[in-house]
>>> print(open('protein06.txt').read())   # compact mmCIF, C-alpha atoms
# COMPACT_ATOMS: atom_id res chain seq x y z
CA MET A 152 40.52 234.59 40.93
CA PRO A 153 37.18 233.45 42.38
CA PRO A 154 35.67 235.51 45.24
CA ARG A 155 35.88 232.55 47.62
CA ALA A 156 39.68 232.30 47.14
CA ILE A 157 40.04 236.05 47.74
CA LEU A 158 38.10 235.73 51.00
CA ARG A 159 40.38 232.87 52.12
CA LEU A 160 43.49 234.96 51.36
CA LEU A 161 42.07 237.91 53.30
CA ALA A 162 41.22 235.64 56.23
CA LEU A 163 44.72 234.17 56.23
CA ALA A 164 46.27 237.63 56.04
CA PHE A 165 44.07 238.89 58.88
CA LEU A 166 44.75 235.95 61.24
CA PRO A 167 48.33 236.99 62.23
CA LEU A 168 47.09 240.51 62.96
CA VAL A 169 44.44 239.23 65.36
CA ALA A 170 46.98 236.99 67.08
CA SER A 171 49.36 239.92 67.60
CA CYS A 172 46.60 242.07 69.12
CA TYR A 173 45.71 239.66 71.92
CA SER A 174 48.38 238.58 74.33
CA THR A 175 48.47 237.71 78.01
CA THR A 176 51.35 238.06 80.42
CA HIS A 177 51.36 235.95 83.57
CA ALA A 178 53.93 236.02 86.31
CA ASP A 179 54.09 233.73 89.33
CA LEU A 180 54.64 236.07 92.28
CA GLU A 181 53.85 233.33 94.81
CA GLN A 182 57.58 232.69 95.34
CA TYR A 183 57.90 236.13 96.95
CA PHE A 184 55.33 235.26 99.64
CA GLU A 185 57.02 232.09 100.90
CA GLY A 186 59.54 231.65 103.70
CA ASP A 187 61.66 234.63 104.66
CA ALA A 188 60.77 236.57 101.52
CA LEU A 189 59.48 240.10 101.34
CA LEU A 190 55.80 240.85 101.89
CA LEU A 191 54.47 242.46 98.69
CA THR A 192 51.15 244.27 98.82
CA GLU A 193 49.20 246.68 96.65
CA GLY A 194 47.74 248.20 99.81
CA ASN A 195 49.23 249.92 102.83
CA ALA A 196 52.17 248.59 104.80
CA PRO A 197 51.15 246.64 107.93
CA GLU A 198 50.35 248.58 111.11
CA GLY A 199 53.54 249.71 112.84
CA ALA A 200 55.77 249.54 109.76
CA GLU A 201 58.34 252.25 109.09
CA PRO A 202 58.64 253.50 105.47
CA ILE A 203 62.20 253.46 104.12
CA LYS A 204 62.25 254.55 100.50
CA ILE A 205 60.25 254.66 97.28
CA LEU A 206 61.58 252.08 94.81
CA SER A 207 61.17 252.05 91.05
CA VAL A 208 62.38 249.68 88.33
CA TYR A 209 61.85 250.32 84.61
CA LYS A 210 62.73 247.86 81.84
CA SER A 211 62.17 248.27 78.13
CA GLY A 212 62.54 245.93 75.20
CA PHE A 213 62.13 245.63 71.45
CA TYR A 214 59.94 243.19 69.52
CA LEU A 215 60.37 242.82 65.75
CA PHE A 216 57.01 243.52 64.10
CA GLY A 217 55.62 243.83 67.63
CA ALA A 218 55.80 240.05 68.16
CA ALA A 219 59.29 238.51 67.89
CA PRO A 220 61.40 239.42 70.97
CA ILE A 221 64.79 240.89 70.17
CA VAL A 222 65.22 242.37 73.67
CA ALA A 223 62.40 240.93 75.81
CA VAL A 224 60.85 242.48 78.91
CA ASP A 225 60.11 240.11 81.77
CA LEU A 226 57.77 240.87 84.67
CA GLU A 227 59.32 238.30 87.00
CA GLU A 228 62.83 239.64 86.37
CA THR A 229 61.62 243.17 87.07
CA VAL A 230 59.95 242.07 90.33
CA ARG A 231 63.18 240.27 91.32
CA MET A 232 65.11 243.51 90.72
CA ILE A 233 62.80 245.62 92.93
CA CYS A 234 62.90 242.92 95.65
CA LYS A 235 66.72 242.94 95.50
CA GLN A 236 66.71 246.73 95.96
CA ALA A 237 64.39 246.39 98.97
CA LYS A 238 66.51 243.65 100.58
CA GLU A 239 69.66 245.78 100.14
CA LEU A 240 67.90 248.49 102.18
CA GLY A 241 67.01 245.98 104.91
CA ALA A 242 63.29 246.12 104.11
CA ASP A 243 60.75 243.55 105.25
CA GLY A 244 58.33 244.27 102.43
CA ILE A 245 57.09 246.54 99.66
CA ALA A 246 53.74 248.32 99.97
CA HIS A 247 51.74 250.17 97.32
CA ILE A 248 53.38 248.03 94.65
CA SER A 249 52.10 248.80 91.17
CA PHE A 250 52.81 247.45 87.70
CA ASP A 251 52.56 249.36 84.43
CA TYR A 252 53.03 247.11 81.40
CA GLN A 253 53.02 248.52 77.88
CA PRO A 254 53.08 245.59 75.44
CA ALA A 255 54.59 245.73 72.00
CA SER A 256 52.18 245.93 69.09
CA LEU A 257 52.42 245.82 65.33
CA PHE A 258 50.25 248.93 65.00
CA LYS A 259 51.83 251.19 67.64
CA PHE A 260 53.26 254.36 66.12
CA THR A 261 55.28 257.32 67.36
CA LEU A 262 54.41 260.91 66.49
CA PHE A 263 55.47 260.28 62.94
CA PRO A 264 54.23 257.30 60.94
CA ILE A 265 57.18 255.23 62.16
CA PRO A 266 56.31 251.96 63.91
CA ASP A 267 57.15 251.71 67.59
CA TRP A 268 57.63 248.02 68.38
CA SER A 269 58.92 248.56 71.89
CA ALA A 270 57.51 247.19 75.12
CA SER A 271 58.10 248.36 78.68
CA ILE A 272 57.32 247.49 82.25
CA HIS A 273 57.52 249.78 85.27
CA VAL A 274 57.25 248.39 88.81
CA GLN A 275 57.24 250.72 91.80
CA GLY A 276 56.44 250.62 95.49
CA MET A 277 57.41 251.76 98.98
CA ALA A 278 59.95 249.70 100.92
CA TRP A 279 59.15 249.32 104.62
CA ARG A 280 60.63 247.61 107.66
CA ARG A 281 59.42 246.55 111.06
CA SER A 282 59.68 249.34 113.59
CA GLU A 283 61.82 249.03 116.72
CA GLY A 284 58.69 248.64 118.86
CA GLY A 285 58.11 245.00 117.93
CA PRO A 286 57.15 242.64 115.17
CA VAL A 287 54.75 243.64 112.45
CA ARG A 288 51.69 241.45 112.25
CA ARG A 289 51.34 239.72 108.87
CA GLU A 290 47.83 239.57 107.49
CA LYS A 291 46.28 236.28 106.42
CA ALA A 292 46.86 235.30 102.79
CA GLY A 293 44.32 237.06 100.60
CA ALA A 294 43.39 239.63 103.27
CA ARG A 295 43.61 243.25 102.17
CA PRO A 296 44.60 246.03 104.56
CA LYS A 297 41.81 248.34 105.62
CA ALA A 298 41.78 251.81 104.14
CA ARG A 299 42.70 254.57 106.54
CA SER A 300 40.39 257.52 106.89
CA PHE A 301 41.75 261.01 107.27
CA PRO A 302 39.94 263.94 108.87
CA GLY A 303 38.70 266.73 106.66
CA LYS A 304 37.15 266.84 103.24
CA PRO A 305 39.01 266.46 99.97
CA GLY A 306 40.32 269.77 98.76
CA SER A 307 40.04 271.51 102.14
>>> encode(input="protein06.txt", output="structure tokens")
Amino acid sequence: MPPRAILRLLALAFLPLVASCYSTTHADLEQYFEGDALLLTEGNAPEGAEPIKILSVYKSGFYLFGAAPIVAVDLEETVRMICKQAKELGADGIAHISFDYQPASLFKFTLFPIPDWSASIHVQGMAWRRSEGGPVRREKAGARPKARSFPGKPGS
């Protein structure tokens, strides 16, 4: 077999591996900011809000060879689940919301040389509601809450 044909075979064999290493997940969270929906923020709850409960949703799935979904994980479904939990508590929003996504990969292994083709997503945050004292002011779209400063030095 000529060297040029061997290089083509290697390139063709390598191409699926590169494609499985690079993936992007996008979720449209804009629907949660419209109308009477919950206010989701990575920052603090608005001034005057009363914390209710810490919420957490974890979903896991399995992808054959790290690419073909057998049991898929879905960010939007997970966000819907945490929003449903918050609404059941009577919350007006979720603050400190965070996402931890572990994608499936062909070359992910457990302790032993057994492939781990699972994927998972963990969404958590603090449900809050407007206090009895009056309405909570919503920030403008794109505005981030200011960080609060606490007296004292770290570790004191």
>>> atom_distance(input="protein06.txt", atom1="CA of Tyr214 (chain A)", atom2="CA of Ile248 (chain A)")
26.4 Å
>>> residues_near_point(input="protein06.txt", point="(50.9, 250.2, 67.5)", cutoff="12 Å", atoms="all atoms listed in the file", output="PDB file with C-alpha atoms, in the coordinates of the input")
ATOM      1  CA  LEU A 168      47.090 240.510  62.960  1.00  0.00           C
ATOM      2  CA  SER A 171      49.360 239.920  67.600  1.00  0.00           C
ATOM      3  CA  CYS A 172      46.600 242.070  69.120  1.00  0.00           C
ATOM      4  CA  TYR A 214      59.940 243.190  69.520  1.00  0.00           C
ATOM      5  CA  PHE A 216      57.010 243.520  64.100  1.00  0.00           C
ATOM      6  CA  GLY A 217      55.620 243.830  67.630  1.00  0.00           C
ATOM      7  CA  ALA A 218      55.800 240.050  68.160  1.00  0.00           C
ATOM      8  CA  GLN A 253      53.020 248.520  77.880  1.00  0.00           C
ATOM      9  CA  PRO A 254      53.080 245.590  75.440  1.00  0.00           C
ATOM     10  CA  ALA A 255      54.590 245.730  72.000  1.00  0.00           C
ATOM     11  CA  SER A 256      52.180 245.930  69.090  1.00  0.00           C
ATOM     12  CA  LEU A 257      52.420 245.820  65.330  1.00  0.00           C
ATOM     13  CA  PHE A 258      50.250 248.930  65.000  1.00  0.00           C
ATOM     14  CA  LYS A 259      51.830 251.190  67.640  1.00  0.00           C
ATOM     15  CA  PHE A 260      53.260 254.360  66.120  1.00  0.00           C
ATOM     16  CA  THR A 261      55.280 257.320  67.360  1.00  0.00           C
ATOM     17  CA  LEU A 262      54.410 260.910  66.490  1.00  0.00           C
ATOM     18  CA  PHE A 263      55.470 260.280  62.940  1.00  0.00           C
ATOM     19  CA  PRO A 264      54.230 257.300  60.940  1.00  0.00           C
ATOM     20  CA  ILE A 265      57.180 255.230  62.160  1.00  0.00           C
ATOM     21  CA  PRO A 266      56.310 251.960  63.910  1.00  0.00           C
ATOM     22  CA  ASP A 267      57.150 251.710  67.590  1.00  0.00           C
ATOM     23  CA  TRP A 268      57.630 248.020  68.380  1.00  0.00           C
ATOM     24  CA  SER A 269      58.920 248.560  71.890  1.00  0.00           C
ATOM     25  CA  ALA A 270      57.510 247.190  75.120  1.00  0.00           C
TER      26      ALA A 270
END
>>> residues_around(input="protein06.txt", residues="Ala196 (chain A)", least_positions_apart="5", cutoff="10 Å", atoms="all atoms listed in the file", output="NGL selection string")
:A and (190-191 or 201-202 or 243-247 or 277-281 or 287 or 289 or 296)
>>> write_last_selection(input="protein06.txt", atoms="C-alpha atoms", output="mmCIF file, keeping the file's coordinate frame")
data_model
loop_
_atom_site.group_PDB
_atom_site.id
_atom_site.type_symbol
_atom_site.label_atom_id
_atom_site.label_comp_id
_atom_site.auth_asym_id
_atom_site.auth_seq_id
_atom_site.Cartn_x
_atom_site.Cartn_y
_atom_site.Cartn_z
ATOM 1 C CA LEU A 190 55.800 240.850 101.890
ATOM 2 C CA LEU A 191 54.470 242.460 98.690
ATOM 3 C CA GLU A 201 58.340 252.250 109.090
ATOM 4 C CA PRO A 202 58.640 253.500 105.470
ATOM 5 C CA ASP A 243 60.750 243.550 105.250
ATOM 6 C CA GLY A 244 58.330 244.270 102.430
ATOM 7 C CA ILE A 245 57.090 246.540 99.660
ATOM 8 C CA ALA A 246 53.740 248.320 99.970
ATOM 9 C CA HIS A 247 51.740 250.170 97.320
ATOM 10 C CA MET A 277 57.410 251.760 98.980
ATOM 11 C CA ALA A 278 59.950 249.700 100.920
ATOM 12 C CA TRP A 279 59.150 249.320 104.620
ATOM 13 C CA ARG A 280 60.630 247.610 107.660
ATOM 14 C CA ARG A 281 59.420 246.550 111.060
ATOM 15 C CA VAL A 287 54.750 243.640 112.450
ATOM 16 C CA ARG A 289 51.340 239.720 108.870
ATOM 17 C CA PRO A 296 44.600 246.030 104.560
#
>>> closest_residue(input="protein06.txt", among="A:Ala242, A:Gln236, A:Leu158, A:Thr229", to="Ala200 (chain A)", atoms="all atoms listed in the file")
A:Ala242
>>> atom_distance(input="protein06.txt", atom1="CA of Gly199 (chain A)", atom2="CA of Cys234 (chain A)")
20.7 Å
>>> atom_distance(input="protein06.txt", atom1="CA of Lys238 (chain A)", atom2="CA of His273 (chain A)")
18.8 Å
>>> residues_around(input="protein06.txt", residues="Tyr252 (chain A)", least_positions_apart="3", cutoff="10 Å", atoms="all atoms listed in the file", output="list in words")
Thr176, Tyr209, Lys210, Ser211, Val224, Asp225, Leu226, Ser249, Ala255, Ala270, Ser271, Ile272, His273 and Val274 of chain A
>>> closest_residue(input="protein06.txt", among="A:Leu161, A:Leu206, A:Leu215, A:Met152", to="Lys235 (chain A)", atoms="all atoms listed in the file")
A:Leu206
>>> closest_residue(input="protein06.txt", among="A:Pro220, A:Glu228, A:Ser207, A:Leu240", to="Gln275 (chain A)", atoms="only C-alpha atoms")
A:Ser207
